[in-house]
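The next block holds one structure in the form of structure tokens; read it before the comments.
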Amino acid sequence: MNHQLSFQLLHQYNPGKPGIGVPVILQSGGAELAVDAYVDCGAAHCFFSRLVGEQLGLQIEAGPPEIFSTAGGPVKGHGHFVTLEVLGFCFEAMVFFAADHGFKRNLLGRIGWLDRMRIGLIDYEGKLFLNAYQDE
Amino acid sequence: MHSTTYEEIVTRIPLLTSDEQLSVIEVIRQQQSSGAPEPSESTRPENGARPAIRHVPVRSFDAERAWLEANRRQYQGQWVALKDGQLILSDADGQKFSERLAQSGVESPFISYIETEAEEKYIGGWQ
């Protein structure tokens, strides 16, 4: 049986890099900034460095705390609702910001991003295809 | 497995005051007693009506990506802030970088931490 999907958007990333990088714009309370983030299908939530949250003017510790398990040990984050804009798809989501300054990576995980999208991937060619889930 | 909406609500409960938490309980009780229908598979947010996504013009960061490609080696291990493809500031100390960026007054910067070669190799998949 063949399965077919169609997509509105093609994002070309550098397949020579270790991660699947996409630009993400975060907005909160009138503040806005853009960052690089990695698509991480294994991450349960979207997770950003503390610095990103601080630049948005968020009081990081005011968000509900959550401990995440990682290969390198537990990492603490705090949840905040922000507006995410990823390659023309814009929506509100709860994402987590690292409690520690040492966590420098930004990740787009399942809850808050993957669960709202349809994606196709040809990693060998560095091609990420995207649709909003709501769009057929 | 619980829905995304459930997870989001539960994680927000500690932010409510005691009175607000009691109010939420009361609202749920009232909705249940009024005979509000259970969400069906087609109306539950995670199984049917997904959170609304707005379509906006795709913003290009080609200039920033080009700068990162050209300068990656020189700035490994540092945070950089870019605007229109130009370097605004850089610092290896995240806290200092954050303070300097806030003081700069630059609106909507593109910020990135340029990983060292050792940091680039990572294993994801966590929760």
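Chains: A, B, ... in order of the structure tokens. Residues: from 1 per chain. Ligands: from 1, in order shown.
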Closest atom pairs, residues of chain A within 6 Å of chain B, only C-alpha atoms, as CSV:
```
residue,atom,partner,partner_atom,distance
A:Glu32,CA,B:Ser108,CA,5.0
A:Leu33,CA,B:Ser108,CA,4.4
A:Ala34,CA,B:Phe110,CA,4.4
A:Val35,CA,B:Ile111,CA,5.2
A:Gly42,CA,B:Gly125,CA,3.5
A:Ala43,CA,B:Gly125,CA,4.8
A:Ala44,CA,B:Gln127,CA,4.9
A:Pro64,CA,B:Thr11,CA,5.9
A:Phe68,CA,B:Gln127,CA,4.9
A:Ser69,CA,B:Gln127,CA,5.4
A:Thr70,CA,B:Trp126,CA,5.0
A:Leu87,CA,B:Val58,CA,5.2
A:Gly88,CA,B:Val58,CA,4.2
A:Phe89,CA,B:His55,CA,5.1
A:Cys90,CA,B:Arg54,CA,5.0
A:Phe91,CA,B:Ile53,CA,5.0
```
Residues of the last selection are to be written out with N, CA and C atoms, as a PDB file, in the first residue's frame.
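Full text of result-v7.pdb as output:
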```pdb
ATOM      1  N   GLU A  32      10.155  40.132  21.104  1.00  0.00           N
ATOM      2  CA  GLU A  32      10.303  39.147  20.035  1.00  0.00           C
ATOM      3  C   GLU A  32      11.777  38.903  19.771  1.00  0.00           C
ATOM      4  N   LEU A  33      12.119  37.648  19.526  1.00  0.00           N
ATOM      5  CA  LEU A  33      13.459  37.345  19.046  1.00  0.00           C
ATOM      6  C   LEU A  33      13.433  36.050  18.258  1.00  0.00           C
ATOM      7  N   ALA A  34      14.467  35.885  17.458  1.00  0.00           N
ATOM      8  CA  ALA A  34      14.573  34.691  16.624  1.00  0.00           C
ATOM      9  C   ALA A  34      15.773  33.872  17.067  1.00  0.00           C
ATOM     10  N   VAL A  35      15.618  32.570  16.982  1.00  0.00           N
ATOM     11  CA  VAL A  35      16.702  31.675  17.383  1.00  0.00           C
ATOM     12  C   VAL A  35      16.770  30.503  16.401  1.00  0.00           C
ATOM     13  N   GLY A  42      12.421  13.075  19.495  1.00  0.00           N
ATOM     14  CA  GLY A  42      12.514  12.317  20.742  1.00  0.00           C
ATOM     15  C   GLY A  42      12.252  13.154  21.980  1.00  0.00           C
ATOM     16  N   ALA A  43      12.161  14.454  21.811  1.00  0.00           N
ATOM     17  CA  ALA A  43      11.906  15.327  22.950  1.00  0.00           C
ATOM     18  C   ALA A  43      10.397  15.436  23.177  1.00  0.00           C
ATOM     19  N   ALA A  44       9.986  15.300  24.419  1.00  0.00           N
ATOM     20  CA  ALA A  44       8.556  15.339  24.723  1.00  0.00           C
ATOM     21  C   ALA A  44       7.983  16.740  24.553  1.00  0.00           C
ATOM     22  N   PRO A  64       5.584  26.989  35.843  1.00  0.00           N
ATOM     23  CA  PRO A  64       5.578  25.707  36.555  1.00  0.00           C
ATOM     24  C   PRO A  64       6.841  24.901  36.244  1.00  0.00           C
ATOM     25  N   PHE A  68      13.175  17.110  33.432  1.00  0.00           N
ATOM     26  CA  PHE A  68      13.262  16.274  32.236  1.00  0.00           C
ATOM     27  C   PHE A  68      14.483  15.370  32.347  1.00  0.00           C
ATOM     28  N   SER A  69      14.298  14.147  31.924  1.00  0.00           N
ATOM     29  CA  SER A  69      15.435  13.232  31.942  1.00  0.00           C
ATOM     30  C   SER A  69      16.170  13.337  30.612  1.00  0.00           C
ATOM     31  N   THR A  70      17.461  13.341  30.679  1.00  0.00           N
ATOM     32  CA  THR A  70      18.284  13.378  29.471  1.00  0.00           C
ATOM     33  C   THR A  70      19.406  12.366  29.636  1.00  0.00           C
ATOM     34  N   LEU A  87       8.623  29.064  10.371  1.00  0.00           N
ATOM     35  CA  LEU A  87       8.522  28.966   8.910  1.00  0.00           C
ATOM     36  C   LEU A  87       7.122  29.304   8.396  1.00  0.00           C
ATOM     37  N   GLY A  88       6.542  30.355   8.973  1.00  0.00           N
ATOM     38  CA  GLY A  88       5.246  30.831   8.505  1.00  0.00           C
ATOM     39  C   GLY A  88       4.048  30.228   9.214  1.00  0.00           C
ATOM     40  N   PHE A  89       4.275  29.319  10.136  1.00  0.00           N
ATOM     41  CA  PHE A  89       3.198  28.734  10.938  1.00  0.00           C
ATOM     42  C   PHE A  89       3.281  29.344  12.338  1.00  0.00           C
ATOM     43  N   CYS A  90       2.211  30.001  12.763  1.00  0.00           N
ATOM     44  CA  CYS A  90       2.242  30.792  13.990  1.00  0.00           C
ATOM     45  C   CYS A  90       1.152  30.303  14.952  1.00  0.00           C
ATOM     46  N   PHE A  91       1.522  30.077  16.198  1.00  0.00           N
ATOM     47  CA  PHE A  91       0.559  29.557  17.161  1.00  0.00           C
ATOM     48  C   PHE A  91       1.066  29.745  18.583  1.00  0.00           C
TER      49      PHE A  91
END
```
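Between Val86 in chain A and the candidates A:Phe7, A:Ala31, A:Asp36, A:Asn14, the tightest atom-to-atom separation, counting only C-alpha atoms, involves A:Asp36.
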Using Å and a single decimal, report how far CA of Leu107 in chain A sits from CA of Ile119 in chain A. 15.8 Å
With DSSP run on the backbone, what are the alpha helix (DSSP H) residues within range 31-135 of chain A? I'd like them as a PDB file with N, CA and C atoms, in the first residue's frame.
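For reference, part-v8.pdb as written:
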```pdb
ATOM      1  N   ARG A  50      17.690  29.231  28.769  1.00  0.00           N
ATOM      2  CA  ARG A  50      17.209  30.242  29.711  1.00  0.00           C
ATOM      3  C   ARG A  50      17.369  31.649  29.127  1.00  0.00           C
ATOM      4  N   LEU A  51      18.472  31.837  28.452  1.00  0.00           N
ATOM      5  CA  LEU A  51      18.771  33.152  27.886  1.00  0.00           C
ATOM      6  C   LEU A  51      17.648  33.629  26.958  1.00  0.00           C
ATOM      7  N   VAL A  52      17.085  32.709  26.215  1.00  0.00           N
ATOM      8  CA  VAL A  52      16.000  33.058  25.289  1.00  0.00           C
ATOM      9  C   VAL A  52      14.788  33.581  26.074  1.00  0.00           C
ATOM     10  N   GLY A  53      14.445  32.873  27.136  1.00  0.00           N
ATOM     11  CA  GLY A  53      13.319  33.306  27.959  1.00  0.00           C
ATOM     12  C   GLY A  53      13.574  34.658  28.612  1.00  0.00           C
ATOM     13  N   GLU A  54      14.787  34.863  29.065  1.00  0.00           N
ATOM     14  CA  GLU A  54      15.129  36.140  29.700  1.00  0.00           C
ATOM     15  C   GLU A  54      15.009  37.286  28.706  1.00  0.00           C
ATOM     16  N   GLN A  55      15.438  37.054  27.478  1.00  0.00           N
ATOM     17  CA  GLN A  55      15.356  38.115  26.476  1.00  0.00           C
ATOM     18  C   GLN A  55      13.915  38.432  26.100  1.00  0.00           C
TER      19      GLN A  55
END
```
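By only C-alpha atoms, and with residues fewer than 6 positions from range 124-136 of chain A along its chain excluded, the set lying at most 7 Å from it is A:Phe7, A:Gln8, A:Leu9, A:Leu10, A:His11, A:Gln12, A:Tyr13, A:Asn14, A:Pro15, A:Arg116, A:Met117, A:Arg118, B:Arg50, B:Ile53.
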Any idea what the distance is between CA of Gly102 in chain A and CA of Pro74 in chain A? 12.8 Å
Distance query His78 in chain A at most 7 Å, only C-alpha atoms, self and fewer than 3 positions along chain excluded, as a PyMOL selection string: chain A and resi 60-61+63-66+96-99
Write out as a ChimeraX atom specification which residues come within 8 Å of Leu108 in chain A when counting only C-alpha atoms, dropping same-chain ones fewer than 2 positions away. /A:37-41,43,45-47,106,110,113-114
Written file, previous selection with C-alpha atoms, as a compact mmCIF listing (two decimals), in the first residue's frame:
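Result went into result.txt, see below:
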```
# COMPACT_ATOMS: atom_id res chain seq x y z
CA ALA A 37 16.28 25.36 17.02
CA TYR A 38 16.69 21.68 16.29
CA VAL A 39 13.81 19.43 15.35
CA ASP A 40 13.86 16.72 18.02
CA CYS A 41 11.25 14.00 17.58
CA ALA A 43 11.91 15.33 22.95
CA HIS A 45 8.29 19.14 24.83
CA CYS A 46 9.74 22.22 23.19
CA PHE A 47 12.69 23.39 25.23
CA ASN A 106 16.84 25.03 21.57
CA ARG A 110 6.47 16.77 20.26
CA TRP A 113 5.10 21.67 17.86
CA LEU A 114 5.21 18.24 16.28
```
